[in-house]
Amino acid sequence: MNATKKGEASFSPEALKEKYLLEREKRLRPDGNAQYRDLSGVYADFDKDPYVEPGFTRPAVTETIDVLIVGGGFGGLLAAARLRQAGVESLRLVEKGGDFGGTWYWNRYPGAACDVESYIYLPLLEETGYMPKEKYAKAPEIFAHCQRIGRQFDLYKAALFQTQVEQMDWDEDARRWSVTTNRGDRLAARFVIIAGGILHKAKLPGIPGIETFKGHSFHTSRWDYAYTGGGPMGGMTRLADKRVGIIGTGATAVQAIPHLGASAKQLYVFQRTPSGVGVRNNQPTDEAWVKTLKPGWQQERILNFTSIVTGNQQDVDMVRDGWTYIFDDTELRRAETPEAAAELRQMVDFRKMEEIRARVDAVVKDPVTAEALKPYYNQMCKRPCFHDEYLDTFNRSNVQLVDTEGKGVERITPTGVVVKGREYEVDCLVYASGFELSGEYTRRLGFDIRGRGGKSLRDSWAEGAATLHGMHSRGYPNLLMFSLTQSGHAINFVHILNEQSQHAAYIIGRCLKQGIGTIEATEQAQQQWWEVILGHFSKMAAVGGVECTPGYFNNEGVLPPPSAMRNAPFGGGTLEFIEVLRNWRKGDDLAGLEVTLGGTP
Ligand code: NDP
């Protein structure tokens with residue numbers, strides 16, 4: 001059968017299905033997530049912060065505070081801002097980086113920009129009175145906005161930068177968390193919010209020989225401009241006489257490669273799986289439009305976007321971009337049964353991916369390179385990318401795509417990169433190999449939390465997480481976690497962070513005002529929440545697609561252990577999750593939390 005739509009090339013769904021499976025097979029490997037290495041041990045040098053002066057010291061801090069926030073990225077900033085709005089003054093933020101920003105502190109690679117519209121992605125725009133300069137803001141502007149939030153909510157005085165939490169222990173007598181850091185701080189906090197981010201742990205591919213490379217190498221989240229020259233807007237003049245290799249072609253690489261191509265003498269792009277790259281069409285912010293905005297506009301726009309990308313039809317598509325195009329389900333509405341809808345959905349996906357592949361043919365001149373750049377999987381198997389210069393970069397004479405045909409780089413030698421037995425000599429090697437997202441929350445956290453009776457969260461969650469709303473866990477009083485584990489998720493993740501921060505601020509504000517000493521999830525509430533998670537799990541599995549090409553969306557294509565079900569996000573939809581939190585707050589009775597009265601010493 002051939003599917004045709006007026007004005008479009010025909011395609012055979014059967015042939016595409018077969019091709020998708022074939023491409024997936026090529027990429028499956030038994031080691032799944034174990035193929036990656038974190039930036040420790042022999043790789044610890046990759047983790048050094050290139051954006052701060054070396055040798056920073058400060059006196060250790062010993063203090064007693066109401067709230068400690070771990071993480072100074074969007075999540076931590078939002079939590080702190082909402083707490084300030086709730087009248088909480090005594091708070092501390094501990095942040096590994098040298099400033100606020102989190103992802104936007106670390107990711108300064110050339111070309112870095114948000115890929116969700118800046119008007120809905122940058123938090124607290126109305127509260128700070130700021131309007132981004134472009135529809136998709138570039139990294140320096142986003143980082144500066146994080147600093148703006150820090151200043152506006154008076155958070156700099158509360159921040160301990162270049163500091164990492166090492167250990168958290170619940171002190172039963174004091175009814176506080178006793179927290180130590182790598183700078184010798186001892187913080188006694190009544191509440192702790194962990195807003196450690198979802199993509200904060202960079203990872204390297206476990207390619208043999210990485211540590212033997214004698215040239216210069218770094219991960220994209222630790223870009224070494226001292227070596228490359230230039231800055232986040234490009235212009236890396238020191239690469240003019242360098243042979244550069246980049247490993248990875250995900251969302252980060254897609255943004256960095258055009259700049260590397262423009263600056264390097266020679267660029268080799270080592271690809272395992274091509275990304276789907278749609279149109280970006282970035283635009284300067286329309287001043288006339290800004291003048292029309294009424295108070296509350298940002299939340300309205302955020303809600304409009306999330307509604308559309310979660311299948312909740314809207315009269316108007318305010319954002320109108322590549323994301324809302326992917327999720328536009330107008331065509332699906334004519335299906336009369338769920339089966340017909342599923343079939344139609346697949347046909348629409350085939351067609352939209354055909355458009356992505358046709359774009360490659362239209363832009364990339366060399367047909368072999370063009371073929372290798374075409375993604376063969378369903379649209380949401382991997383994070384969709386949007387860029388208007390990426391594909392064209394492969395038309396440059398100094399840029400070569402080295403397609404590993406799904407197998408990945410074979411070996412790193414002291415002088416270069418080996419693929420299919422051939423060595424490509426490079427002076428500089430950039431790892432655009434991403435961040436840990438699959439795997440357990442407690443592993444990604446990077447420090448241990450010991451709750452009541454000294455029990456480690458790692459041990460408590462050895463068979464999977466147990467929480468209420470993904471935020472509270474029994475045995476760990478006064479601890480509030482922002483994560484994906486049993487919690488909401490969204491294309492525009494800031495939408496969830498904003499709701500989680502309001503939720504946390506409500507709970508903590510209320511406890512402080514009403515003299516509540518401790519709150520802790522009840523066993524029964526956790527069990528009920530688990531049943532909710534379980535109920536949605538099959539839906540999540542379908543979205544995460546075991547039939548998808550491997551990646552961090554589907555645990556690298558390896559069927560996860562049963563405990564992973566417990567670590568899954570809430571699969572009922574972004575808006576439904578938000579509704580759960582809002583309804584819970586409306587009840588105003590801290591339902592499912594065991595409460596003990598009495599302040600702490
Ligand atoms: P990804 O995990 O998406 O990409 C990692 C890349 O490294 C993939 O192309 C992967 O190939 C490749 N790779 C891994 N191991 C090997 C190997 N052995 N040989 C060759 N290639 C290898 O990381 P990114 O940093 O690109 O993106 C992470 C996430 O960060 C995004 O999904 C997005 O959510 C976010 N992001 C957001 C941006 C924004 O808002 N503008 C911009 C950039 C990132 P394979 O696909 O085969 O696994």
# chains A, B, ... in the order shown; residues from 1 in each chain; ligands from 1
$ residues_near_ligand --ligand "ligand 1" --cutoff "6 Å" --atoms "only C-alpha atoms and all ligand atoms" --output "compact mmCIF listing (two decimals) with C-alpha atoms, in the first residue's frame"
# COMPACT_ATOMS: atom_id res chain seq x y z
CA ALA A 113 19.80 28.24 22.64
CA CYS A 114 16.50 27.10 24.06
CA ASP A 115 14.50 24.91 21.72
CA PRO A 205 30.48 7.25 25.93
CA ILE A 207 34.59 4.10 24.17
CA ILE A 247 31.07 12.63 18.95
CA GLY A 248 27.29 12.71 19.05
CA THR A 249 24.54 14.26 16.94
CA GLY A 250 21.84 14.95 19.55
CA ALA A 251 20.18 18.31 20.34
CA THR A 252 23.44 19.78 21.66
CA ALA A 253 25.57 18.74 18.70
CA PHE A 270 30.91 11.08 14.32
CA GLN A 271 27.31 9.97 14.12
CA ARG A 272 25.59 6.96 15.62
CA THR A 273 21.94 7.90 15.13
CA ARG A 383 14.18 14.54 21.13
CA GLY A 408 29.21 4.14 17.49
CA VAL A 409 32.86 5.00 17.59
CA ALA A 432 28.42 15.83 22.71
CA SER A 433 27.39 12.63 24.43
CA GLY A 434 24.64 13.98 26.63
CA PHE A 435 23.52 13.57 30.21
CA GLY A 551 18.12 6.28 23.43
$ select_by_dssp --residues "stretch 278-488 of chain A" --states "strand (DSSP E or B)" --output "number ranges by chain"
A: 278, 284, 385-386, 399-403, 411-412, 416-419, 422-425, 428-431, 435, 448-450, 456, 468, 472-473, 476, 479-481
$ write_last_selection --atoms "N, CA and C atoms" --output "compact mmCIF listing (two decimals), in the first residue's frame"
# COMPACT_ATOMS: atom_id res chain seq x y z
N GLY A 278 14.02 19.66 12.24
CA GLY A 278 12.96 20.44 11.60
C GLY A 278 13.34 21.91 11.47
N PRO A 284 13.14 37.83 15.79
CA PRO A 284 13.24 38.79 16.89
C PRO A 284 11.87 39.01 17.52
N CYS A 385 14.78 17.89 16.94
CA CYS A 385 15.65 19.07 16.91
C CYS A 385 15.11 20.04 15.87
N PHE A 386 15.49 21.31 16.01
CA PHE A 386 15.05 22.34 15.06
C PHE A 386 16.25 23.23 14.77
N VAL A 399 33.91 19.91 6.20
CA VAL A 399 33.10 19.13 7.16
C VAL A 399 32.80 17.75 6.58
N GLN A 400 33.10 16.74 7.38
CA GLN A 400 32.83 15.37 6.91
C GLN A 400 31.98 14.63 7.95
N LEU A 401 30.91 14.04 7.48
CA LEU A 401 30.10 13.19 8.35
C LEU A 401 30.74 11.80 8.35
N VAL A 402 31.04 11.30 9.55
CA VAL A 402 31.55 9.93 9.64
C VAL A 402 30.43 9.11 10.27
N ASP A 403 29.72 8.38 9.43
CA ASP A 403 28.56 7.64 9.90
C ASP A 403 29.01 6.27 10.41
N ARG A 411 36.94 3.12 18.81
CA ARG A 411 38.09 3.26 19.69
C ARG A 411 38.60 4.70 19.61
N ILE A 412 39.19 5.14 20.70
CA ILE A 412 39.92 6.42 20.65
C ILE A 412 41.40 6.05 20.80
N GLY A 416 43.58 10.08 17.58
CA GLY A 416 42.33 10.25 16.84
C GLY A 416 41.23 9.28 17.21
N VAL A 417 40.33 9.11 16.27
CA VAL A 417 39.09 8.36 16.49
C VAL A 417 38.99 7.27 15.42
N VAL A 418 38.68 6.05 15.86
CA VAL A 418 38.61 4.94 14.91
C VAL A 418 37.16 4.54 14.66
N VAL A 419 36.80 4.51 13.39
CA VAL A 419 35.47 4.03 12.98
C VAL A 419 35.66 3.05 11.83
N ARG A 422 39.10 2.55 10.45
CA ARG A 422 39.89 3.68 9.93
C ARG A 422 40.08 4.75 11.01
N GLU A 423 41.29 5.23 11.12
CA GLU A 423 41.54 6.28 12.12
C GLU A 423 41.41 7.67 11.50
N TYR A 424 40.67 8.54 12.19
CA TYR A 424 40.55 9.94 11.78
C TYR A 424 41.38 10.75 12.77
N GLU A 425 42.46 11.33 12.31
CA GLU A 425 43.34 12.07 13.23
C GLU A 425 42.72 13.42 13.57
N CYS A 428 41.52 18.01 18.38
CA CYS A 428 40.56 18.33 19.45
C CYS A 428 39.33 17.43 19.29
N LEU A 429 38.87 16.93 20.42
CA LEU A 429 37.73 16.01 20.39
C LEU A 429 36.66 16.52 21.35
N VAL A 430 35.47 16.75 20.81
CA VAL A 430 34.37 17.27 21.62
C VAL A 430 33.36 16.14 21.86
N TYR A 431 33.04 15.91 23.12
CA TYR A 431 32.04 14.89 23.44
C TYR A 431 30.67 15.55 23.60
N PHE A 435 23.65 13.55 28.76
CA PHE A 435 23.52 13.57 30.21
C PHE A 435 22.76 12.35 30.68
N ASP A 448 24.45 10.93 49.26
CA ASP A 448 23.55 10.03 49.96
C ASP A 448 22.65 10.80 50.93
N ILE A 449 21.43 10.32 51.05
CA ILE A 449 20.48 10.93 51.99
C ILE A 449 20.13 9.85 53.01
N ARG A 450 20.44 10.14 54.27
CA ARG A 450 20.09 9.16 55.31
C ARG A 450 18.96 9.72 56.16
N SER A 456 19.61 4.83 54.31
CA SER A 456 19.95 5.51 53.07
C SER A 456 18.79 5.44 52.07
N LEU A 468 4.97 10.17 47.65
CA LEU A 468 3.70 10.84 47.41
C LEU A 468 3.99 11.99 46.44
N HIS A 472 7.54 13.59 48.23
CA HIS A 472 7.82 13.20 49.61
C HIS A 472 8.04 11.68 49.66
N SER A 473 8.91 11.25 50.58
CA SER A 473 9.09 9.82 50.74
C SER A 473 9.14 9.46 52.23
N TYR A 476 11.76 10.02 55.31
CA TYR A 476 12.59 11.19 54.96
C TYR A 476 11.77 12.46 55.19
N LEU A 479 11.66 16.49 53.57
CA LEU A 479 12.46 16.48 52.34
C LEU A 479 11.50 16.58 51.16
N LEU A 480 11.75 17.53 50.28
CA LEU A 480 10.88 17.70 49.10
C LEU A 480 11.76 17.60 47.86
N MET A 481 11.40 16.68 46.98
CA MET A 481 12.25 16.43 45.80
C MET A 481 11.54 16.86 44.52
$ atom_distance --atom1 "atom CA of A:Gly196" --atom2 "atom CA of A:Val70"
6.1 Å
$ residues_around --residues "A:Ser397" --least-positions-apart "2" --cutoff "12 Å" --atoms "only C-alpha atoms" --output "list in words"
Gly261, Ala262, Ala264, Lys265, Gln266, Leu267, Tyr268, Lys365, Asp366, Asp392, Thr393, Phe394, Asn395, Val399, Gln400 and Leu401 of chain A
$ write_last_selection --atoms "N, CA and C atoms" --output "short mmCIF file (atom, residue, chain, number, x, y, z; two decimals), in the first residue's frame"
data_model
loop_
_atom_site.label_atom_id
_atom_site.label_comp_id
_atom_site.auth_asym_id
_atom_site.auth_seq_id
_atom_site.Cartn_x
_atom_site.Cartn_y
_atom_site.Cartn_z
N GLY A 261 31.82 23.91 12.30
CA GLY A 261 32.06 23.84 10.85
C GLY A 261 32.60 25.16 10.31
N ALA A 262 32.07 26.27 10.88
CA ALA A 262 32.49 27.59 10.39
C ALA A 262 33.89 27.95 10.89
N ALA A 264 36.47 25.55 12.36
CA ALA A 264 37.58 24.57 12.34
C ALA A 264 38.18 24.43 10.94
N LYS A 265 39.44 24.07 10.92
CA LYS A 265 40.08 23.79 9.64
C LYS A 265 39.40 22.56 9.03
N GLN A 266 39.22 21.55 9.87
CA GLN A 266 38.55 20.32 9.42
C GLN A 266 37.64 19.85 10.55
N LEU A 267 36.43 19.48 10.21
CA LEU A 267 35.52 18.95 11.24
C LEU A 267 35.03 17.57 10.83
N TYR A 268 35.19 16.59 11.75
CA TYR A 268 34.61 15.27 11.56
C TYR A 268 33.44 15.13 12.53
N LYS A 365 23.86 18.38 -0.36
CA LYS A 365 24.13 18.14 -1.78
C LYS A 365 24.65 16.73 -2.06
N ASP A 366 25.53 16.22 -1.19
CA ASP A 366 26.08 14.90 -1.44
C ASP A 366 25.05 13.83 -1.07
N ASP A 392 22.93 22.28 6.33
CA ASP A 392 23.75 22.98 5.34
C ASP A 392 25.24 22.89 5.67
N THR A 393 25.55 22.73 6.95
CA THR A 393 26.96 22.64 7.36
C THR A 393 27.66 21.48 6.65
N PHE A 394 26.90 20.44 6.32
CA PHE A 394 27.51 19.27 5.67
C PHE A 394 27.82 19.54 4.19
N ASN A 395 27.44 20.71 3.70
CA ASN A 395 27.84 21.09 2.33
C ASN A 395 29.20 21.77 2.32
N VAL A 399 33.91 19.91 6.20
CA VAL A 399 33.10 19.13 7.16
C VAL A 399 32.80 17.75 6.58
N GLN A 400 33.10 16.74 7.38
CA GLN A 400 32.83 15.37 6.91
C GLN A 400 31.98 14.63 7.95
N LEU A 401 30.91 14.04 7.48
CA LEU A 401 30.10 13.19 8.35
C LEU A 401 30.74 11.80 8.35
#
$ residues_around --residues "stretch 217-225 of chain A" --least-positions-apart "2" --cutoff "7 Å" --atoms "only C-alpha atoms" --output "PyMOL selection string"
chain A and resi 46+49-50+106-109+215+227-231+428-432
$ write_last_selection --atoms "C-alpha atoms" --output "PDB file, in the first residue's frame"
ATOM      1  CA  PHE A  46      36.267  16.316  32.229  1.00  0.00           C
ATOM      2  CA  ASP A  49      34.455  23.940  35.810  1.00  0.00           C
ATOM      3  CA  PRO A  50      36.166  26.006  33.090  1.00  0.00           C
ATOM      4  CA  TRP A 106      27.073  24.794  32.244  1.00  0.00           C
ATOM      5  CA  ASN A 107      25.878  24.776  28.663  1.00  0.00           C
ATOM      6  CA  ARG A 108      27.764  27.609  26.995  1.00  0.00           C
ATOM      7  CA  TYR A 109      28.714  25.695  23.889  1.00  0.00           C
ATOM      8  CA  GLY A 215      45.040  15.997  21.983  1.00  0.00           C
ATOM      9  CA  TYR A 227      41.371  26.476  23.711  1.00  0.00           C
ATOM     10  CA  THR A 228      38.866  27.168  20.920  1.00  0.00           C
ATOM     11  CA  GLY A 229      38.690  30.960  21.141  1.00  0.00           C
ATOM     12  CA  GLY A 230      35.379  32.708  20.510  1.00  0.00           C
ATOM     13  CA  GLY A 231      32.287  32.336  22.665  1.00  0.00           C
ATOM     14  CA  CYS A 428      40.556  18.331  19.448  1.00  0.00           C
ATOM     15  CA  LEU A 429      37.731  16.012  20.387  1.00  0.00           C
ATOM     16  CA  VAL A 430      34.372  17.270  21.624  1.00  0.00           C
ATOM     17  CA  TYR A 431      32.040  14.889  23.437  1.00  0.00           C
ATOM     18  CA  ALA A 432      28.420  15.830  22.708  1.00  0.00           C
TER      19      ALA A 432
END
$ select_by_dssp --residues "stretch 358-523 of chain A" --states "alpha helix (DSSP H)" --output "ChimeraX atom specification"
/A:358-363,367-372,390-393,441-445,457-460,493-514,523
$ residues_around --residues "A:Lys157" --least-positions-apart "3" --cutoff "12 Å" --atoms "only C-alpha atoms" --output "PyMOL selection string"
chain A and resi 89-94+99+150-154+160-161
$ closest_residue --among "A:Ala137, A:Ala34, A:Ala462, A:Ala490" --to "A:Asn555" --atoms "only C-alpha atoms"
A:Ala34
$ closest_residue --among "A:Asn478, A:Gln528, A:Thr212, A:Ser563" --to "A:Cys511" --atoms "only C-alpha atoms"
A:Asn478
$ closest_residue --among "A:Ala521, A:Lys135, A:Pro54, A:Gly72" --to "A:Asp286" --atoms "only C-alpha atoms"
A:Lys135
